[in-house]
file target.txt (compact mmCIF, C-alpha atoms)
# COMPACT_ATOMS: atom_id res chain seq x y z
CA GLN A 1 73.63 21.18 87.39
CA SER A 2 75.04 17.62 87.30
CA VAL A 3 78.55 16.41 86.63
CA LEU A 4 79.89 13.96 84.11
CA THR A 5 80.70 10.53 85.57
CA GLN A 6 84.20 9.06 85.43
CA PHE A 7 85.66 6.03 87.19
CA ALA A 8 87.76 7.21 90.12
CA SER A 9 90.90 5.34 89.14
CA VAL A 10 92.46 3.35 86.33
CA SER A 11 95.83 1.63 86.33
CA GLY A 12 98.06 -0.02 83.79
CA SER A 13 101.58 -1.25 83.21
CA PRO A 14 104.10 0.61 81.08
CA GLY A 15 103.46 0.01 77.40
CA GLN A 16 99.83 -0.97 77.87
CA SER A 17 96.80 0.94 76.62
CA ILE A 18 94.11 2.20 78.95
CA THR A 19 90.77 3.87 78.32
CA ILE A 20 89.05 6.42 80.54
CA SER A 21 85.32 6.86 80.09
CA CYS A 22 83.17 9.92 80.72
CA THR A 23 79.41 9.40 80.86
CA GLY A 24 76.90 12.18 80.41
CA THR A 25 73.44 12.51 78.92
CA SER A 26 71.75 13.35 75.64
CA SER A 27 71.68 16.99 76.82
CA ASP A 28 75.45 17.34 77.03
CA ILE A 29 77.89 14.81 75.55
CA GLY A 30 75.20 13.28 73.36
CA SER A 31 74.13 16.56 71.75
CA HIS A 32 77.33 17.93 70.22
CA ASN A 33 81.07 17.36 69.71
CA TYR A 34 82.45 19.91 72.18
CA VAL A 35 84.07 17.43 74.55
CA SER A 36 87.56 18.12 75.84
CA TRP A 37 90.03 16.31 78.10
CA TYR A 38 92.55 17.69 80.58
CA GLN A 39 95.63 16.18 82.24
CA GLN A 40 96.66 17.47 85.65
CA HIS A 41 99.81 16.41 87.46
CA PRO A 42 99.87 16.92 91.26
CA GLY A 43 100.28 20.57 92.16
CA LYS A 44 100.25 21.63 88.51
CA VAL A 45 97.91 23.55 86.23
CA PRO A 46 95.55 21.46 84.06
CA LYS A 47 96.62 20.92 80.46
CA LEU A 48 94.33 20.55 77.44
CA ILE A 49 95.10 17.25 75.65
CA ILE A 50 91.98 16.65 73.52
CA TYR A 51 89.34 19.05 72.17
CA GLU A 52 86.25 18.56 70.00
CA VAL A 53 86.17 14.86 70.99
CA THR A 54 89.13 13.72 68.85
CA LYS A 55 91.47 16.65 68.12
CA ARG A 56 94.91 17.02 69.70
CA PRO A 57 96.48 20.43 70.32
CA SER A 58 99.90 21.00 68.86
CA GLY A 59 102.59 19.39 71.01
CA VAL A 60 100.38 16.76 72.61
CA SER A 61 101.60 13.20 72.14
CA ASN A 62 99.74 11.07 69.59
CA ARG A 63 99.54 8.40 72.29
CA PHE A 64 96.46 10.30 73.48
CA SER A 65 93.27 9.82 71.48
CA GLY A 66 89.62 10.63 72.02
CA SER A 67 86.32 9.21 70.86
CA LYS A 68 82.61 9.37 71.57
CA SER A 69 79.65 7.00 71.38
CA ASP A 70 76.17 8.25 72.22
CA ASN A 71 76.39 9.87 75.66
CA THR A 72 79.86 8.57 76.57
CA ALA A 73 83.21 10.07 75.65
CA SER A 74 86.47 8.18 76.02
CA LEU A 75 90.17 8.98 76.29
CA THR A 76 92.66 6.29 75.33
CA ILE A 77 96.31 6.42 76.34
CA SER A 78 98.45 4.07 74.26
CA GLY A 79 101.94 2.91 75.18
CA LEU A 80 101.47 3.99 78.80
CA GLN A 81 104.46 5.81 80.27
CA ALA A 82 105.39 6.78 83.82
CA GLU A 83 104.85 10.46 82.94
CA ASP A 84 101.20 9.71 82.14
CA GLU A 85 100.49 9.19 85.84
CA ALA A 86 98.14 12.08 86.59
CA ASP A 87 94.50 13.07 87.04
CA TYR A 88 92.37 13.28 83.91
CA TYR A 89 89.15 15.29 83.54
CA CYS A 90 86.63 15.35 80.75
CA CYS A 91 84.56 18.46 80.06
CA SER A 92 81.47 19.07 77.96
CA TYR A 93 79.92 22.24 76.63
CA VAL A 94 76.31 22.22 77.80
CA ASP A 95 74.59 25.55 77.11
CA GLY A 96 72.13 25.10 79.95
CA ARG A 97 69.69 27.71 81.25
CA THR A 98 72.46 29.52 83.10
CA PHE A 99 75.53 27.32 83.01
CA LEU A 100 77.73 26.53 80.05
CA TYR A 101 80.15 23.71 80.89
CA MET A 102 80.38 20.59 83.03
CA PHE A 103 83.51 18.78 84.13
CA GLY A 104 83.79 15.11 84.86
CA THR A 105 84.49 13.78 88.34
CA GLY A 106 88.07 12.97 87.38
CA THR A 107 90.11 9.78 86.96
CA THR A 108 93.45 9.11 88.60
CA VAL A 109 95.74 7.11 86.32
CA THR A 110 98.39 5.01 88.04
CA VAL A 111 101.27 3.46 86.14
CA LEU A 112 102.19 0.20 87.86
CA GLU B 1 103.19 34.07 74.30
CA VAL B 2 99.80 33.91 75.99
CA GLN B 3 100.01 34.89 79.64
CA LEU B 4 97.23 34.98 82.21
CA VAL B 5 97.97 36.23 85.71
CA GLU B 6 95.41 36.11 88.50
CA SER B 7 95.43 38.32 91.58
CA GLY B 8 93.17 39.25 94.48
CA GLY B 9 93.16 35.99 96.39
CA GLY B 10 93.58 35.56 100.15
CA ILE B 11 91.56 34.79 103.24
CA PHE B 12 87.98 36.03 103.37
CA GLN B 13 85.22 35.91 105.96
CA PRO B 14 82.05 33.88 105.37
CA GLY B 15 79.40 36.27 104.11
CA GLY B 16 82.02 38.63 102.77
CA SER B 17 82.98 39.48 99.20
CA LEU B 18 85.99 39.02 96.95
CA ARG B 19 87.09 40.43 93.61
CA LEU B 20 89.59 38.49 91.55
CA SER B 21 91.47 39.97 88.61
CA CYS B 22 93.07 38.36 85.58
CA ALA B 23 95.67 40.28 83.58
CA ALA B 24 96.03 38.97 80.03
CA SER B 25 98.84 39.49 77.54
CA GLY B 26 100.25 38.00 74.36
CA PHE B 27 96.99 38.00 72.37
CA THR B 28 94.16 40.27 71.22
CA PHE B 29 92.14 40.11 74.44
CA ARG B 30 88.87 41.54 73.09
CA SER B 31 88.69 38.75 70.48
CA PHE B 32 88.42 35.93 73.02
CA GLU B 33 85.80 34.59 75.37
CA MET B 34 87.18 34.05 78.87
CA ASN B 35 86.28 31.80 81.77
CA TRP B 36 86.94 31.21 85.45
CA VAL B 37 87.46 27.62 86.61
CA ARG B 38 88.06 26.64 90.24
CA GLN B 39 89.38 23.64 92.14
CA ALA B 40 88.67 23.07 95.81
CA PRO B 41 91.51 21.48 97.84
CA GLY B 42 91.87 17.83 96.86
CA GLN B 43 88.83 18.02 94.60
CA GLY B 44 88.06 18.14 90.89
CA LEU B 45 87.68 21.00 88.46
CA GLU B 46 84.54 23.16 88.46
CA TRP B 47 83.65 25.69 85.77
CA VAL B 48 82.50 28.94 87.45
CA SER B 49 81.75 31.62 84.87
CA TYR B 50 82.04 32.74 81.22
CA ILE B 51 82.14 36.10 79.49
CA SER B 52 82.10 36.78 75.76
CA GLY B 53 84.68 39.01 74.10
CA SER B 54 82.25 41.94 73.96
CA ALA B 55 80.95 41.20 77.50
CA ARG B 56 77.40 41.02 76.11
CA SER B 57 77.04 37.37 77.15
CA LYS B 58 77.75 36.12 80.67
CA ARG B 59 77.02 32.74 82.23
CA TYR B 60 77.40 31.28 85.70
CA ALA B 61 77.50 27.91 87.42
CA ASP B 62 74.52 27.10 89.61
CA SER B 63 76.82 27.07 92.65
CA VAL B 64 77.56 30.81 92.30
CA TRP B 65 74.46 32.05 90.43
CA GLY B 66 72.99 35.10 92.12
CA ARG B 67 76.19 35.75 94.11
CA CYS B 68 78.65 36.23 91.29
CA THR B 69 79.43 38.86 88.65
CA ILE B 70 81.95 38.43 85.86
CA SER B 71 83.22 41.47 83.96
CA ARG B 72 86.06 42.60 81.73
CA ASP B 73 87.86 45.76 80.66
CA ASN B 74 89.13 45.24 77.13
CA SER B 75 91.01 48.55 77.23
CA LYS B 76 93.13 47.14 80.06
CA ASN B 77 93.24 43.49 78.91
CA SER B 78 91.70 42.45 82.20
CA MET B 79 88.90 40.23 83.49
CA PHE B 80 87.30 40.23 86.90
CA LEU B 81 85.22 37.94 89.11
CA GLN B 82 83.26 39.20 92.08
CA ILE B 83 81.63 36.74 94.47
CA ASN B 84 79.40 37.98 97.27
CA ASN B 85 77.99 36.22 100.32
CA LEU B 86 81.03 33.93 100.44
CA ARG B 87 80.66 30.39 101.71
CA ALA B 88 83.22 27.87 102.95
CA GLU B 89 82.62 25.88 99.78
CA ASP B 90 83.97 28.79 97.72
CA THR B 91 87.43 27.91 99.07
CA ALA B 92 89.46 26.91 96.01
CA ILE B 93 92.20 27.76 93.58
CA TYR B 94 90.65 30.02 90.93
CA TYR B 95 92.01 29.85 87.39
CA CYS B 96 91.62 32.40 84.61
CA VAL B 97 91.20 30.41 81.38
CA ARG B 98 91.11 31.13 77.63
CA PRO B 99 89.99 28.88 74.75
CA SER B 100 92.36 27.74 72.02
CA PHE B 101 90.67 29.90 69.36
CA GLY B 102 87.98 32.53 69.40
CA GLY B 103 84.63 30.76 69.45
CA GLN B 104 86.16 27.47 70.57
CA TRP B 105 84.57 25.64 73.49
CA ASP B 106 87.66 24.44 75.38
CA PHE B 107 90.15 25.64 77.99
CA ALA B 108 93.54 25.81 76.30
CA TYR B 109 95.39 28.47 78.26
CA TRP B 110 95.39 28.61 82.06
CA GLY B 111 96.80 31.07 84.54
CA GLN B 112 98.81 29.76 87.49
CA GLY B 113 95.77 30.12 89.72
CA ILE B 114 95.07 32.11 92.85
CA LEU B 115 94.06 30.63 96.20
CA VAL B 116 90.90 31.83 97.90
CA THR B 117 90.19 30.68 101.44
CA VAL B 118 86.84 31.41 103.09
CA SER B 119 87.16 30.96 106.83
CA SER B 120 86.36 32.75 110.05

call {"tool": "encode", "arguments": {"input": "target.txt", "output": "structure tokens"}}
result
Amino acid sequence: QSVLTQFASVSGSPGQSITISCTGTSSDIGSHNYVSWYQQHPGKVPKLIIYEVTKRPSGVSNRFSGSKSDNTASLTISGLQAEDEADYYCCSYVDGRTFLYMFGTGTTVTVL
Amino acid sequence: EVQLVESGGGIFQPGGSLRLSCAASGFTFRSFEMNWVRQAPGQGLEWVSYISGSARSKRYADSVWGRCTISRDNSKNSMFLQINNLRAEDTAIYYCVRPSFGGQWDFAYWGQGILVTVSS
């Protein structure tokens, strides 16, 4: 059971846009559209911010957007704000022999 | 309001067993798949196990396969996770998690988590 690969850290200045990538394989991200993204502030519970690659749950800022190309999913944060400083995790439905989901390694976003 | 409350955490001996519980409220429990997700101290998220609404389908991560049993009691709106032959690497916060809609493959609702420490 592998994990999805994310860069360890990304930083940006307030107002800028940043993109977090999540690389998998043709057996996971590349085979369906069940990719989700989670935001986790230190000491807090993870929060769903994107599901099915591009969809935002009610109440999530439209500054967050998702996309996918081949085996790589991406999360873009536009108009970066101090409150966006957090850890971000991608997750893919996999439907393997025994397991069902894989999380990414996580990306720490720092607002400069 | 959807509420998920975990219990049963604590300090456990290597080689021992644990049984975590998740009490659900605010929705029709039997209509939703449920999952356990864990997070080791300072580490990332790891999906652990899945159970369908009827409990007919169960899945496990490779890291716990053969040592773990997920179950649910729809009459009591509760889900359980038993892990045997505990290892130090099972030390983590364990979250009870529900998808946004029945049949949806995401983790929309999370409990507050319960800490499990495996140490002699």

call {"tool": "closest_residue", "arguments": {"input": "target.txt", "among": "A:Ile29, A:Leu75, A:Val45, A:Cys22", "to": "chain B", "atoms": "all atoms listed in the file"}}
result
A:Val45

call {"tool": "residues_around", "arguments": {"input": "target.txt", "residues": "Ser7 in chain B", "least_positions_apart": "3", "cutoff": "10 Å", "atoms": "all atoms listed in the file", "output": "VMD selection string"}}
result
chain B and resid 10 19 to 23 80 94 96 113 to 115

call {"tool": "write_last_selection", "arguments": {"input": "target.txt", "atoms": "C-alpha atoms", "output": "PDB file, in the coordinates of the input"}}
result
ATOM      1  CA  GLY B  10      93.580  35.560 100.150  1.00  0.00           C
ATOM      2  CA  ARG B  19      87.090  40.430  93.610  1.00  0.00           C
ATOM      3  CA  LEU B  20      89.590  38.490  91.550  1.00  0.00           C
ATOM      4  CA  SER B  21      91.470  39.970  88.610  1.00  0.00           C
ATOM      5  CA  CYS B  22      93.070  38.360  85.580  1.00  0.00           C
ATOM      6  CA  ALA B  23      95.670  40.280  83.580  1.00  0.00           C
ATOM      7  CA  PHE B  80      87.300  40.230  86.900  1.00  0.00           C
ATOM      8  CA  TYR B  94      90.650  30.020  90.930  1.00  0.00           C
ATOM      9  CA  CYS B  96      91.620  32.400  84.610  1.00  0.00           C
ATOM     10  CA  GLY B 113      95.770  30.120  89.720  1.00  0.00           C
ATOM     11  CA  ILE B 114      95.070  32.110  92.850  1.00  0.00           C
ATOM     12  CA  LEU B 115      94.060  30.630  96.200  1.00  0.00           C
TER      13      LEU B 115
END

call {"tool": "residues_around", "arguments": {"input": "target.txt", "residues": "Tyr109 in chain B", "least_positions_apart": "3", "cutoff": "7 Å", "atoms": "all atoms listed in the file", "output": "PyMOL selection string"}}
result
chain B and resi 97-100

call {"tool": "interface_residues", "arguments": {"input": "target.txt", "of": "chain A", "to": "chain B", "cutoff": "7 Å", "atoms": "only C-alpha atoms", "output": "list of chain:residue names"}}
result
A:Gln1, A:Tyr34, A:Ser36, A:Val45, A:Leu48, A:Tyr51, A:Tyr93, A:Thr98, A:Phe99, A:Leu100, A:Tyr101, A:Met102, A:Phe103, A:Thr105, A:Gly106

call {"tool": "atom_distance", "arguments": {"input": "target.txt", "atom1": "CA of Ser52 in chain B", "atom2": "CA of Leu81 in chain B"}}
result
13.8 Å

call {"tool": "closest_residue", "arguments": {"input": "target.txt", "among": "A:Gly104, A:Gly66, A:Pro57, A:Gly30", "to": "Ser2 in chain A", "atoms": "only C-alpha atoms"}}
result
A:Gly104

call {"tool": "closest_residue", "arguments": {"input": "target.txt", "among": "B:Ala55, B:Ala24, B:Ala40, B:Ala92", "to": "Ser78 in chain B", "atoms": "all atoms listed in the file"}}
result
B:Ala24

call {"tool": "residues_near_point", "arguments": {"input": "target.txt", "point": "(107.2, 34.3, 80.9)", "cutoff": "12 Å", "atoms": "only C-alpha atoms", "output": "PyMOL selection string"}}
result
chain B and resi 1-5+25-26+111-112

call {"tool": "residues_around", "arguments": {"input": "target.txt", "residues": "Thr25 in chain A", "least_positions_apart": "6", "cutoff": "10 Å", "atoms": "only C-alpha atoms", "output": "PDB file with C-alpha atoms, in the coordinates of the input"}}
result
ATOM      1  CA  SER A   2      75.040  17.620  87.300  1.00  0.00           C
ATOM      2  CA  LEU A   4      79.890  13.960  84.110  1.00  0.00           C
ATOM      3  CA  SER A  31      74.130  16.560  71.750  1.00  0.00           C
ATOM      4  CA  ASP A  70      76.170   8.250  72.220  1.00  0.00           C
ATOM      5  CA  ASN A  71      76.390   9.870  75.660  1.00  0.00           C
ATOM      6  CA  THR A  72      79.860   8.570  76.570  1.00  0.00           C
TER       7      THR A  72
END

call {"tool": "atom_distance", "arguments": {"input": "target.txt", "atom1": "CA of Asp95 in chain A", "atom2": "CA of Arg30 in chain B"}}
result
21.8 Å

call {"tool": "closest_residue", "arguments": {"input": "target.txt", "among": "A:Tyr88, A:Val111, A:Val94, A:Ser58", "to": "Ser21 in chain A", "atoms": "all atoms listed in the file"}}
result
A:Tyr88

call {"tool": "atom_distance", "arguments": {"input": "target.txt", "atom1": "CA of Ser17 in chain A", "atom2": "CA of Lys44 in chain A"}}
result
24.1 Å

call {"tool": "closest_residue", "arguments": {"input": "target.txt", "among": "A:Val60, A:Cys91, A:Val10, A:Ala73", "to": "Trp37 in chain A", "atoms": "only C-alpha atoms"}}
result
A:Cys91

call {"tool": "closest_residue", "arguments": {"input": "target.txt", "among": "B:Thr117, B:Ser57, B:Gly102, B:Asp90", "to": "Arg38 in chain B", "atoms": "only C-alpha atoms"}}
result
B:Asp90

call {"tool": "decode", "arguments": {"input": "target.txt", "residues": "range 29-52 of chain B", "atoms": "N, CA and C atoms", "output": "PDB file, in the first residue's frame"}}
result
ATOM      1  N   PHE B  29     -27.935   6.619  11.083  1.00  0.00           N
ATOM      2  CA  PHE B  29     -26.639   5.937  11.127  1.00  0.00           C
ATOM      3  C   PHE B  29     -26.562   4.782  10.132  1.00  0.00           C
ATOM      4  N   ARG B  30     -27.592   3.977  10.043  1.00  0.00           N
ATOM      5  CA  ARG B  30     -27.542   2.752   9.227  1.00  0.00           C
ATOM      6  C   ARG B  30     -27.417   3.070   7.736  1.00  0.00           C
ATOM      7  N   SER B  31     -27.672   4.312   7.355  1.00  0.00           N
ATOM      8  CA  SER B  31     -27.639   4.705   5.943  1.00  0.00           C
ATOM      9  C   SER B  31     -26.253   5.132   5.462  1.00  0.00           C
ATOM     10  N   PHE B  32     -25.278   5.145   6.386  1.00  0.00           N
ATOM     11  CA  PHE B  32     -23.966   5.678   6.022  1.00  0.00           C
ATOM     12  C   PHE B  32     -22.850   4.677   6.264  1.00  0.00           C
ATOM     13  N   GLU B  33     -21.926   4.633   5.291  1.00  0.00           N
ATOM     14  CA  GLU B  33     -20.655   3.966   5.489  1.00  0.00           C
ATOM     15  C   GLU B  33     -19.887   4.754   6.555  1.00  0.00           C
ATOM     16  N   MET B  34     -19.001   4.081   7.251  1.00  0.00           N
ATOM     17  CA  MET B  34     -18.189   4.749   8.269  1.00  0.00           C
ATOM     18  C   MET B  34     -16.743   4.291   8.142  1.00  0.00           C
ATOM     19  N   ASN B  35     -15.852   5.125   8.641  1.00  0.00           N
ATOM     20  CA  ASN B  35     -14.421   4.830   8.555  1.00  0.00           C
ATOM     21  C   ASN B  35     -13.707   5.196   9.858  1.00  0.00           C
ATOM     22  N   TRP B  36     -12.538   4.613  10.029  1.00  0.00           N
ATOM     23  CA  TRP B  36     -11.584   5.040  11.045  1.00  0.00           C
ATOM     24  C   TRP B  36     -10.342   5.569  10.315  1.00  0.00           C
ATOM     25  N   VAL B  37      -9.879   6.729  10.738  1.00  0.00           N
ATOM     26  CA  VAL B  37      -8.655   7.339  10.228  1.00  0.00           C
ATOM     27  C   VAL B  37      -7.781   7.659  11.431  1.00  0.00           C
ATOM     28  N   ARG B  38      -6.465   7.451  11.311  1.00  0.00           N
ATOM     29  CA  ARG B  38      -5.598   7.737  12.446  1.00  0.00           C
ATOM     30  C   ARG B  38      -4.453   8.664  12.050  1.00  0.00           C
ATOM     31  N   GLN B  39      -3.856   9.253  13.067  1.00  0.00           N
ATOM     32  CA  GLN B  39      -2.744  10.193  12.854  1.00  0.00           C
ATOM     33  C   GLN B  39      -1.737  10.009  13.977  1.00  0.00           C
ATOM     34  N   ALA B  40      -0.586   9.471  13.642  1.00  0.00           N
ATOM     35  CA  ALA B  40       0.481   9.306  14.621  1.00  0.00           C
ATOM     36  C   ALA B  40       1.024  10.680  15.017  1.00  0.00           C
ATOM     37  N   PRO B  41       1.607  10.814  16.195  1.00  0.00           N
ATOM     38  CA  PRO B  41       2.102  12.115  16.658  1.00  0.00           C
ATOM     39  C   PRO B  41       3.047  12.764  15.660  1.00  0.00           C
ATOM     40  N   GLY B  42       2.717  13.968  15.229  1.00  0.00           N
ATOM     41  CA  GLY B  42       3.566  14.703  14.301  1.00  0.00           C
ATOM     42  C   GLY B  42       3.590  14.163  12.882  1.00  0.00           C
ATOM     43  N   GLN B  43       2.707  13.216  12.586  1.00  0.00           N
ATOM     44  CA  GLN B  43       2.707  12.589  11.269  1.00  0.00           C
ATOM     45  C   GLN B  43       1.425  12.911  10.488  1.00  0.00           C
ATOM     46  N   GLY B  44       1.310  12.328   9.303  1.00  0.00           N
ATOM     47  CA  GLY B  44       0.166  12.578   8.454  1.00  0.00           C
ATOM     48  C   GLY B  44      -1.016  11.675   8.770  1.00  0.00           C
ATOM     49  N   LEU B  45      -2.047  11.821   7.946  1.00  0.00           N
ATOM     50  CA  LEU B  45      -3.264  11.043   8.122  1.00  0.00           C
ATOM     51  C   LEU B  45      -3.112   9.668   7.480  1.00  0.00           C
ATOM     52  N   GLU B  46      -3.703   8.661   8.105  1.00  0.00           N
ATOM     53  CA  GLU B  46      -3.679   7.298   7.572  1.00  0.00           C
ATOM     54  C   GLU B  46      -5.073   6.693   7.697  1.00  0.00           C
ATOM     55  N   TRP B  47      -5.671   6.304   6.577  1.00  0.00           N
ATOM     56  CA  TRP B  47      -6.944   5.589   6.623  1.00  0.00           C
ATOM     57  C   TRP B  47      -6.694   4.202   7.217  1.00  0.00           C
ATOM     58  N   VAL B  48      -7.585   3.757   8.112  1.00  0.00           N
ATOM     59  CA  VAL B  48      -7.408   2.486   8.817  1.00  0.00           C
ATOM     60  C   VAL B  48      -8.423   1.433   8.376  1.00  0.00           C
ATOM     61  N   SER B  49      -9.716   1.814   8.366  1.00  0.00           N
ATOM     62  CA  SER B  49     -10.727   0.787   8.107  1.00  0.00           C
ATOM     63  C   SER B  49     -12.042   1.407   7.675  1.00  0.00           C
ATOM     64  N   TYR B  50     -12.859   0.610   6.965  1.00  0.00           N
ATOM     65  CA  TYR B  50     -14.152   1.018   6.407  1.00  0.00           C
ATOM     66  C   TYR B  50     -15.189  -0.061   6.701  1.00  0.00           C
ATOM     67  N   ILE B  51     -16.427   0.393   6.934  1.00  0.00           N
ATOM     68  CA  ILE B  51     -17.528  -0.550   7.064  1.00  0.00           C
ATOM     69  C   ILE B  51     -18.750   0.032   6.377  1.00  0.00           C
ATOM     70  N   SER B  52     -19.437  -0.775   5.598  1.00  0.00           N
ATOM     71  CA  SER B  52     -20.638  -0.316   4.912  1.00  0.00           C
ATOM     72  C   SER B  52     -21.787  -0.168   5.913  1.00  0.00           C
TER      73      SER B  52
END
